[in-house]
Amino acid sequence: MNMKNRTLNFPSLDSVKSARKTLENIINRTPLQKSLRLSDQFSADIFLKREDMQPVRSYKIRGAYNKIYNLHAKEELKNGIVCASAGNHAQGVAFACNKLKIPGTVFMPVTTPEQKLEQVAMFGGSFIEIQLTGDTFDDSKKSAMQYSEDSGAAFIHPFDDIQIIEGQATLAVEIIEQAEEKIDFIFVPLGGGGLAAGIVTVFSVLSPETKIIVVEPKGAASMKASIEAGINTQLAHINKFVDGAAVQKVGDLSFEICKDYIYDCIAVDEGKVCETLLELYNKDAMVLEPAGALAIAALDQYKDRISGKNIVCIASGSNNDITRTEEIKERAMLYKGLKHYFIVRFPQRPGALKEFVLNVLGKSDDITFFEYTKRNSRETASAIVGIEVASYADFKGLSERMKESGYYESYLNDSPDMMNILI
């Protein structure tokens with residue numbers, strides 16, 4: 001693999017060096033930190049590149065500042081700037097606008113967590129105006145591009161731009177400098193593909209033997225779909241939970257840079273991401289957002305191949321909202337098979353619930369959700385019941401006892417629409 005053979009429209013190492021000079025007094029040189037817990041768990045040397053320790057708590061500041069600084073130097077910002085973002089790119093843009101005294105407008109989805117909105121406002125100060133529009137990044141992007149066309153403001157793309165990619169690529173240079181031994185695998189979170197393209201730009205030249213694994217959320221695996229189709233492909237629908245990586249279509253430039261140079265593209269279940277988030281918080285005192293934990297969540301899928309190897313995972317962001325904690329816990333338990341929802345058929349007579357508790361629930365089973373309304377005109381009525389079990393092995397017995405006792409009506413975990421309502 002050799003990036004030197006690529007066209008002049010692609011990033012170069014010289015341009016990455018230039019970006020690094022631009023950023024040298026702006027960003028933190030984040031640690032490449034060995035995780036003793038993960039290294040022991042996977043029998044490998046696993047290092048985390050802690051981009052959650054940047055001023056805006058993600059790597060996005062690298063690309064955003066590099067792009068805006070270069071436009072500022074060319075006096076192309078007389079009408080200000082505009083961007084679209086699910087949160088982290090917006091914070092990088094806001095930081096740059098404040099630092100360079102440039103007015104900017106940030107379009108963000110209505111569904112953006114409150115914490116990210118507050119951070120954008122804080123970093124941007126009086127130089128940033130936030131506009132909430134649409135349910136997804138792609139909706140916000142359409143509004144931002146229309147605003148750019150109408151106002152003449154420069155549109156700062158979050159990933160599909162050479163100078164954005166060059167800024168993100170400075171992260172790769174740091175990793176190679178910090179690593180004391182050859183890196184066998186690097187796990188890279190992927191939304192629009194700007195970071196992955198930056199990693200490829202550097203590693204394909206300076207460390208071509210390193211296998212680059214890009215990681216997407218299962219519900220928004222647009223790069224995986226594109227590679228399988230052989231053309232950059234837009235997904236019709238996405239799961240927005242991993243908001244920092246929930247993109248319907250990766251960047252055209254990102255796709256062209258990545259498609260022939262990444263070793264693998266894998267998708268991780270959103271529930272697995274939640275399980276990883278909770279483990280990192282409880283065991284390592286690391287507070288990451290869902291997109292920030294993607295790379296680490298992918299290790300299980302490679303556990304047989306990374307044993308004895310030198311591994312880097314990029315911890316890409318920590319802009320999480322504490323109000324999401326209960327949802328994260330719920331999704332993690334559903335993924336591990338510890339939480340189950342049923343429609344239960346109860347006889348409409350006194351003592352029916354008591355019998356259910358005594359005859360159906362196991363010793364360690366716990367009712368965590370119960371919704372029931374008595375129907376006077378019927379012999380039976382249905383309730384939605386959520387039950388937590390101590391281990392997945394307990395589920396089979398619980399289900400069998402429910403059926404044998406005549407309480408079972410249906411199982412809801414396999415119904416995505418119903419589960420979206422409950423979660």
# chains A, B, ... in the order shown; residues from 1 in each chain; ligands from 1
>>> select_by_dssp(residues="segment 285-359 of chain A", states="alpha helix (DSSP H)", output="JSON, numbers by chain")
{"A": [294, 295, 296, 297, 303, 304, 305, 306, 325, 326, 327, 328, 329, 330, 331, 332, 333, 334, 335, 336, 352, 353, 354, 355, 356, 357, 358, 359]}
>>> residues_around(residues="Ala315 of chain A", least_positions_apart="6", cutoff="10 Å", atoms="only C-alpha atoms", output="tab-separated table (two decimals) with all heavy atoms, in the first residue's frame")
chain	number	residue	atom	x	y	z
A	32	LEU	N	-1.44	7.95	24.60
A	32	LEU	CA	-1.68	6.60	24.09
A	32	LEU	C	-1.53	5.70	25.32
A	32	LEU	O	-0.42	5.35	25.71
A	32	LEU	CB	-0.69	6.22	23.00
A	32	LEU	CG	-0.93	4.88	22.31
A	32	LEU	CD1	-2.24	4.89	21.54
A	32	LEU	CD2	0.24	4.53	21.38
A	47	PHE	N	-3.91	-0.49	23.69
A	47	PHE	CA	-3.70	0.92	24.02
A	47	PHE	C	-4.88	1.74	23.53
A	47	PHE	O	-5.41	1.50	22.43
A	47	PHE	CB	-2.40	1.43	23.37
A	47	PHE	CG	-1.16	0.77	23.90
A	47	PHE	CD1	-0.74	-0.45	23.38
A	47	PHE	CD2	-0.42	1.36	24.91
A	47	PHE	CE1	0.40	-1.06	23.86
A	47	PHE	CE2	0.72	0.76	25.40
A	47	PHE	CZ	1.14	-0.45	24.88
A	48	LEU	N	-5.27	2.71	24.34
A	48	LEU	CA	-6.37	3.61	23.98
A	48	LEU	C	-5.79	4.98	23.67
A	48	LEU	O	-5.08	5.57	24.48
A	48	LEU	CB	-7.37	3.72	25.13
A	48	LEU	CG	-7.93	2.40	25.69
A	48	LEU	CD1	-8.94	2.69	26.80
A	48	LEU	CD2	-8.56	1.57	24.58
A	49	LYS	N	-6.09	5.48	22.48
A	49	LYS	CA	-5.72	6.85	22.12
A	49	LYS	C	-6.83	7.75	22.65
A	49	LYS	O	-7.95	7.77	22.13
A	49	LYS	CB	-5.57	6.99	20.61
A	49	LYS	CG	-5.18	8.40	20.14
A	49	LYS	CD	-3.88	8.92	20.74
A	49	LYS	CE	-3.47	10.23	20.08
A	49	LYS	NZ	-2.35	10.90	20.79
A	50	ARG	N	-6.52	8.53	23.70
A	50	ARG	CA	-7.52	9.21	24.51
A	50	ARG	C	-7.95	10.56	23.92
A	50	ARG	O	-7.72	11.62	24.50
A	50	ARG	CB	-7.01	9.37	25.93
A	50	ARG	CG	-6.76	8.04	26.67
A	50	ARG	CD	-8.07	7.32	26.98
A	50	ARG	NE	-8.99	8.16	27.73
A	50	ARG	CZ	-9.00	8.27	29.06
A	50	ARG	NH1	-8.13	7.60	29.78
A	50	ARG	NH2	-9.89	9.05	29.66
A	51	GLU	N	-8.63	10.53	22.78
A	51	GLU	CA	-9.10	11.78	22.18
A	51	GLU	C	-10.26	12.40	22.96
A	51	GLU	O	-10.65	13.54	22.69
A	51	GLU	CB	-9.49	11.55	20.73
A	51	GLU	CG	-8.31	11.41	19.80
A	51	GLU	CD	-7.47	12.69	19.74
A	51	GLU	OE1	-7.88	13.67	19.11
A	51	GLU	OE2	-6.37	12.69	20.34
A	52	ASP	N	-10.78	11.66	23.92
A	52	ASP	CA	-11.78	12.24	24.83
A	52	ASP	C	-11.15	13.30	25.73
A	52	ASP	O	-11.88	14.05	26.41
A	52	ASP	CB	-12.42	11.15	25.70
A	52	ASP	CG	-11.39	10.34	26.49
A	52	ASP	OD1	-10.46	9.78	25.88
A	52	ASP	OD2	-11.51	10.28	27.73
A	53	MET	N	-9.84	13.44	25.71
A	53	MET	CA	-9.13	14.41	26.54
A	53	MET	C	-8.76	15.69	25.78
A	53	MET	O	-7.99	16.51	26.25
A	53	MET	CB	-7.89	13.75	27.14
A	53	MET	CG	-8.23	12.57	28.04
A	53	MET	SD	-6.78	11.65	28.66
A	53	MET	CE	-6.10	12.85	29.81
A	58	SER	N	-13.24	15.56	21.93
A	58	SER	CA	-13.22	14.64	20.80
A	58	SER	C	-12.16	15.11	19.79
A	58	SER	O	-11.69	16.25	19.84
A	58	SER	CB	-14.58	14.56	20.11
A	58	SER	OG	-14.72	15.55	19.11
A	59	TYR	N	-11.82	14.20	18.87
A	59	TYR	CA	-10.82	14.50	17.85
A	59	TYR	C	-11.29	15.53	16.83
A	59	TYR	O	-10.50	16.06	16.05
A	59	TYR	CB	-10.44	13.21	17.10
A	59	TYR	CG	-11.55	12.69	16.22
A	59	TYR	CD1	-11.66	13.09	14.89
A	59	TYR	CD2	-12.50	11.80	16.72
A	59	TYR	CE1	-12.69	12.63	14.09
A	59	TYR	CE2	-13.53	11.34	15.92
A	59	TYR	CZ	-13.63	11.76	14.62
A	59	TYR	OH	-14.65	11.31	13.82
A	187	PHE	N	-8.13	0.01	15.64
A	187	PHE	CA	-9.59	0.03	15.54
A	187	PHE	C	-10.05	1.49	15.53
A	187	PHE	O	-9.76	2.25	16.46
A	187	PHE	CB	-10.22	-0.74	16.70
A	187	PHE	CG	-10.03	-2.22	16.61
A	187	PHE	CD1	-8.83	-2.81	16.97
A	187	PHE	CD2	-11.06	-3.04	16.15
A	187	PHE	CE1	-8.64	-4.19	16.89
A	187	PHE	CE2	-10.89	-4.42	16.05
A	187	PHE	CZ	-9.67	-4.99	16.42
A	188	VAL	N	-10.77	1.86	14.47
A	188	VAL	CA	-11.12	3.26	14.22
A	188	VAL	C	-12.63	3.42	14.13
A	188	VAL	O	-13.27	2.77	13.30
A	188	VAL	CB	-10.49	3.75	12.90
A	188	VAL	CG1	-10.77	5.23	12.68
A	188	VAL	CG2	-8.98	3.46	12.87
A	189	PRO	N	-13.24	4.28	14.96
A	189	PRO	CA	-14.68	4.52	14.84
A	189	PRO	C	-14.98	5.27	13.55
A	189	PRO	O	-14.19	6.09	13.10
A	189	PRO	CB	-15.00	5.37	16.07
A	189	PRO	CG	-13.72	6.08	16.37
A	189	PRO	CD	-12.62	5.12	16.00
A	286	MET	N	-13.80	5.86	32.95
A	286	MET	CA	-13.82	6.60	31.69
A	286	MET	C	-15.26	6.90	31.30
A	286	MET	O	-16.10	6.00	31.26
A	286	MET	CB	-13.16	5.79	30.57
A	286	MET	CG	-11.66	5.72	30.65
A	286	MET	SD	-10.96	4.76	29.26
A	286	MET	CE	-11.43	5.77	27.85
A	288	LEU	N	-17.31	7.93	28.30
A	288	LEU	CA	-17.34	8.10	26.86
A	288	LEU	C	-18.77	8.20	26.36
A	288	LEU	O	-19.69	7.73	27.01
A	288	LEU	CB	-16.64	6.94	26.15
A	288	LEU	CG	-15.14	6.75	26.43
A	288	LEU	CD1	-14.60	5.60	25.60
A	288	LEU	CD2	-14.36	8.02	26.14
A	289	GLU	N	-18.93	8.80	25.19
A	289	GLU	CA	-20.23	8.80	24.53
A	289	GLU	C	-20.31	7.53	23.68
A	289	GLU	O	-19.29	6.84	23.46
A	289	GLU	CB	-20.37	10.03	23.65
A	289	GLU	CG	-19.37	10.11	22.51
A	289	GLU	CD	-19.49	11.40	21.72
A	289	GLU	OE1	-20.45	11.48	20.94
A	289	GLU	OE2	-18.65	12.30	21.91
A	291	ALA	N	-20.50	6.93	20.43
A	291	ALA	CA	-19.54	6.90	19.31
A	291	ALA	C	-18.10	6.79	19.81
A	291	ALA	O	-17.25	6.20	19.15
A	291	ALA	CB	-19.70	8.16	18.44
A	292	GLY	N	-17.84	7.34	20.99
A	292	GLY	CA	-16.49	7.31	21.54
A	292	GLY	C	-16.04	5.92	21.95
A	292	GLY	O	-14.84	5.64	22.03
A	293	ALA	N	-17.02	5.02	22.21
A	293	ALA	CA	-16.70	3.67	22.65
A	293	ALA	C	-16.77	2.64	21.53
A	293	ALA	O	-16.52	1.45	21.77
A	293	ALA	CB	-17.65	3.27	23.78
A	294	LEU	N	-17.10	3.07	20.32
A	294	LEU	CA	-17.30	2.13	19.21
A	294	LEU	C	-16.10	1.22	18.98
A	294	LEU	O	-16.23	0.00	18.84
A	294	LEU	CB	-17.58	2.90	17.92
A	294	LEU	CG	-19.02	3.07	17.46
A	294	LEU	CD1	-19.06	3.90	16.19
A	294	LEU	CD2	-19.70	1.73	17.24
A	295	ALA	N	-14.92	1.81	18.90
A	295	ALA	CA	-13.72	1.03	18.59
A	295	ALA	C	-13.45	-0.03	19.65
A	295	ALA	O	-13.08	-1.17	19.33
A	295	ALA	CB	-12.51	1.95	18.44
A	296	ILE	N	-13.63	0.34	20.90
A	296	ILE	CA	-13.39	-0.60	22.00
A	296	ILE	C	-14.44	-1.71	21.99
A	296	ILE	O	-14.14	-2.87	22.26
A	296	ILE	CB	-13.38	0.15	23.34
A	296	ILE	CG1	-12.32	1.25	23.31
A	296	ILE	CG2	-13.13	-0.80	24.51
A	296	ILE	CD1	-12.41	2.25	24.44
>>> residues_around(residues="segment 190-200 of chain A", least_positions_apart="6", cutoff="8 Å", atoms="only C-alpha atoms", output="MDAnalysis selection string")
chainID A and resid 158:161 164:172 212 214:216 223 244:247 249:251 254:255 257:258 261:262
>>> closest_residue(among="A:Leu253, A:Met402, A:Ile175, A:Leu38", to="Val360 of chain A", atoms="only C-alpha atoms")
A:Met402
>>> select_by_dssp(residues="segment 85-316 of chain A", states="strand (DSSP E)", output="number ranges by chain")
A: 104-108, 128-132, 154-155, 185-189, 211-217, 264-268, 310-315
>>> residues_around(residues="Lys60 of chain A", least_positions_apart="4", cutoff="7 Å", atoms="only C-alpha atoms", output="PyMOL selection string")
chain A and resi 64+88-89+92
>>> write_last_selection(atoms="N, CA, C and O atoms", output="PDB file, in the first residue's frame")
ATOM      1  N   ALA A  64     -11.722  20.486  12.199  1.00  0.00           N
ATOM      2  CA  ALA A  64     -12.481  21.736  12.137  1.00  0.00           C
ATOM      3  C   ALA A  64     -11.563  22.953  12.190  1.00  0.00           C
ATOM      4  O   ALA A  64     -11.689  23.887  11.387  1.00  0.00           O
ATOM      5  N   ASN A  88     -20.159  16.793  17.951  1.00  0.00           N
ATOM      6  CA  ASN A  88     -18.723  16.946  18.176  1.00  0.00           C
ATOM      7  C   ASN A  88     -18.056  17.864  17.158  1.00  0.00           C
ATOM      8  O   ASN A  88     -17.203  18.679  17.503  1.00  0.00           O
ATOM      9  N   HIS A  89     -18.415  17.743  15.893  1.00  0.00           N
ATOM     10  CA  HIS A  89     -17.885  18.656  14.881  1.00  0.00           C
ATOM     11  C   HIS A  89     -18.309  20.088  15.213  1.00  0.00           C
ATOM     12  O   HIS A  89     -17.520  21.039  15.065  1.00  0.00           O
ATOM     13  N   GLY A  92     -15.996  21.590  17.705  1.00  0.00           N
ATOM     14  CA  GLY A  92     -14.729  21.987  17.093  1.00  0.00           C
ATOM     15  C   GLY A  92     -14.874  23.276  16.305  1.00  0.00           C
ATOM     16  O   GLY A  92     -14.018  24.168  16.373  1.00  0.00           O
TER      17      GLY A  92
END
>>> closest_residue(among="A:Ile314, A:Ile238, A:Val389, A:Leu277", to="Ile328 of chain A", atoms="only C-alpha atoms")
A:Leu277
>>> atom_distance(atom1="atom CA of Lys17 of chain A", atom2="atom CA of Val202 of chain A")
10.4 Å
>>> residues_around(residues="Tyr411 of chain A", least_positions_apart="3", cutoff="9 Å", atoms="only C-alpha atoms", output="ChimeraX atom specification")
/A:340-344,399,408,414-415
>>> write_last_selection(atoms="all heavy atoms", output="PDB file, in the first residue's frame")
ATOM      1  N   HIS A 340     -36.230  -8.779  29.877  1.00  0.00           N
ATOM      2  CA  HIS A 340     -37.191  -9.362  28.949  1.00  0.00           C
ATOM      3  C   HIS A 340     -38.571  -8.765  29.184  1.00  0.00           C
ATOM      4  O   HIS A 340     -39.001  -8.591  30.332  1.00  0.00           O
ATOM      5  CB  HIS A 340     -37.242 -10.882  29.111  1.00  0.00           C
ATOM      6  CG  HIS A 340     -35.915 -11.540  28.906  1.00  0.00           C
ATOM      7  ND1 HIS A 340     -35.429 -11.885  27.669  1.00  0.00           N
ATOM      8  CD2 HIS A 340     -34.946 -11.880  29.804  1.00  0.00           C
ATOM      9  CE1 HIS A 340     -34.228 -12.419  27.807  1.00  0.00           C
ATOM     10  NE2 HIS A 340     -33.904 -12.425  29.089  1.00  0.00           N
ATOM     11  N   TYR A 341     -39.227  -8.458  28.084  1.00  0.00           N
ATOM     12  CA  TYR A 341     -40.576  -7.894  28.151  1.00  0.00           C
ATOM     13  C   TYR A 341     -41.581  -8.872  27.544  1.00  0.00           C
ATOM     14  O   TYR A 341     -41.343  -9.448  26.469  1.00  0.00           O
ATOM     15  CB  TYR A 341     -40.633  -6.566  27.388  1.00  0.00           C
ATOM     16  CG  TYR A 341     -39.946  -5.427  28.092  1.00  0.00           C
ATOM     17  CD1 TYR A 341     -38.596  -5.154  27.858  1.00  0.00           C
ATOM     18  CD2 TYR A 341     -40.636  -4.618  28.993  1.00  0.00           C
ATOM     19  CE1 TYR A 341     -37.961  -4.108  28.508  1.00  0.00           C
ATOM     20  CE2 TYR A 341     -40.006  -3.570  29.645  1.00  0.00           C
ATOM     21  CZ  TYR A 341     -38.671  -3.321  29.392  1.00  0.00           C
ATOM     22  OH  TYR A 341     -38.045  -2.283  30.039  1.00  0.00           O
ATOM     23  N   PHE A 342     -42.692  -9.048  28.243  1.00  0.00           N
ATOM     24  CA  PHE A 342     -43.755  -9.940  27.798  1.00  0.00           C
ATOM     25  C   PHE A 342     -45.098  -9.221  27.851  1.00  0.00           C
ATOM     26  O   PHE A 342     -45.280  -8.268  28.617  1.00  0.00           O
ATOM     27  CB  PHE A 342     -43.875 -11.162  28.724  1.00  0.00           C
ATOM     28  CG  PHE A 342     -42.634 -11.989  28.857  1.00  0.00           C
ATOM     29  CD1 PHE A 342     -41.669 -11.681  29.815  1.00  0.00           C
ATOM     30  CD2 PHE A 342     -42.434 -13.101  28.053  1.00  0.00           C
ATOM     31  CE1 PHE A 342     -40.534 -12.454  29.963  1.00  0.00           C
ATOM     32  CE2 PHE A 342     -41.302 -13.880  28.192  1.00  0.00           C
ATOM     33  CZ  PHE A 342     -40.342 -13.562  29.148  1.00  0.00           C
ATOM     34  N   ILE A 343     -46.037  -9.699  27.033  1.00  0.00           N
ATOM     35  CA  ILE A 343     -47.445  -9.410  27.299  1.00  0.00           C
ATOM     36  C   ILE A 343     -47.969 -10.625  28.051  1.00  0.00           C
ATOM     37  O   ILE A 343     -47.921 -11.760  27.555  1.00  0.00           O
ATOM     38  CB  ILE A 343     -48.240  -9.163  26.015  1.00  0.00           C
ATOM     39  CG1 ILE A 343     -47.747  -7.891  25.321  1.00  0.00           C
ATOM     40  CG2 ILE A 343     -49.739  -9.041  26.324  1.00  0.00           C
ATOM     41  CD1 ILE A 343     -48.485  -7.536  24.058  1.00  0.00           C
ATOM     42  N   VAL A 344     -48.418 -10.390  29.261  1.00  0.00           N
ATOM     43  CA  VAL A 344     -48.854 -11.458  30.165  1.00  0.00           C
ATOM     44  C   VAL A 344     -50.376 -11.399  30.301  1.00  0.00           C
ATOM     45  O   VAL A 344     -50.958 -10.328  30.509  1.00  0.00           O
ATOM     46  CB  VAL A 344     -48.177 -11.309  31.552  1.00  0.00           C
ATOM     47  CG1 VAL A 344     -48.676 -12.384  32.501  1.00  0.00           C
ATOM     48  CG2 VAL A 344     -46.656 -11.389  31.396  1.00  0.00           C
ATOM     49  N   SER A 399     -39.664 -18.410  30.745  1.00  0.00           N
ATOM     50  CA  SER A 399     -40.607 -18.474  29.633  1.00  0.00           C
ATOM     51  C   SER A 399     -41.445 -19.745  29.692  1.00  0.00           C
ATOM     52  O   SER A 399     -42.661 -19.724  29.473  1.00  0.00           O
ATOM     53  CB  SER A 399     -39.842 -18.403  28.309  1.00  0.00           C
ATOM     54  OG  SER A 399     -40.722 -18.397  27.223  1.00  0.00           O
ATOM     55  N   TYR A 408     -48.650 -16.732  29.546  1.00  0.00           N
ATOM     56  CA  TYR A 408     -47.919 -16.233  28.382  1.00  0.00           C
ATOM     57  C   TYR A 408     -48.859 -15.814  27.258  1.00  0.00           C
ATOM     58  O   TYR A 408     -49.755 -16.570  26.862  1.00  0.00           O
ATOM     59  CB  TYR A 408     -46.971 -17.315  27.879  1.00  0.00           C
ATOM     60  CG  TYR A 408     -46.085 -16.902  26.731  1.00  0.00           C
ATOM     61  CD1 TYR A 408     -44.823 -16.372  26.959  1.00  0.00           C
ATOM     62  CD2 TYR A 408     -46.502 -17.060  25.409  1.00  0.00           C
ATOM     63  CE1 TYR A 408     -43.996 -16.008  25.908  1.00  0.00           C
ATOM     64  CE2 TYR A 408     -45.684 -16.692  24.359  1.00  0.00           C
ATOM     65  CZ  TYR A 408     -44.433 -16.171  24.611  1.00  0.00           C
ATOM     66  OH  TYR A 408     -43.625 -15.804  23.566  1.00  0.00           O
ATOM     67  N   ASP A 414     -38.492  -9.315  20.624  1.00  0.00           N
ATOM     68  CA  ASP A 414     -38.278  -9.534  19.196  1.00  0.00           C
ATOM     69  C   ASP A 414     -39.100  -8.589  18.331  1.00  0.00           C
ATOM     70  O   ASP A 414     -39.123  -8.725  17.103  1.00  0.00           O
ATOM     71  CB  ASP A 414     -38.623 -10.982  18.826  1.00  0.00           C
ATOM     72  CG  ASP A 414     -37.678 -11.982  19.476  1.00  0.00           C
ATOM     73  OD1 ASP A 414     -36.522 -11.607  19.744  1.00  0.00           O
ATOM     74  OD2 ASP A 414     -38.100 -13.126  19.720  1.00  0.00           O
ATOM     75  N   SER A 415     -39.784  -7.630  18.961  1.00  0.00           N
ATOM     76  CA  SER A 415     -40.600  -6.669  18.227  1.00  0.00           C
ATOM     77  C   SER A 415     -39.951  -5.285  18.307  1.00  0.00           C
ATOM     78  O   SER A 415     -40.133  -4.566  19.286  1.00  0.00           O
ATOM     79  CB  SER A 415     -42.018  -6.610  18.815  1.00  0.00           C
ATOM     80  OG  SER A 415     -42.760  -5.571  18.223  1.00  0.00           O
TER      81      SER A 415
END
>>> atom_distance(atom1="atom CA of Glu24 of chain A", atom2="atom CA of Phe127 of chain A")
23.1 Å
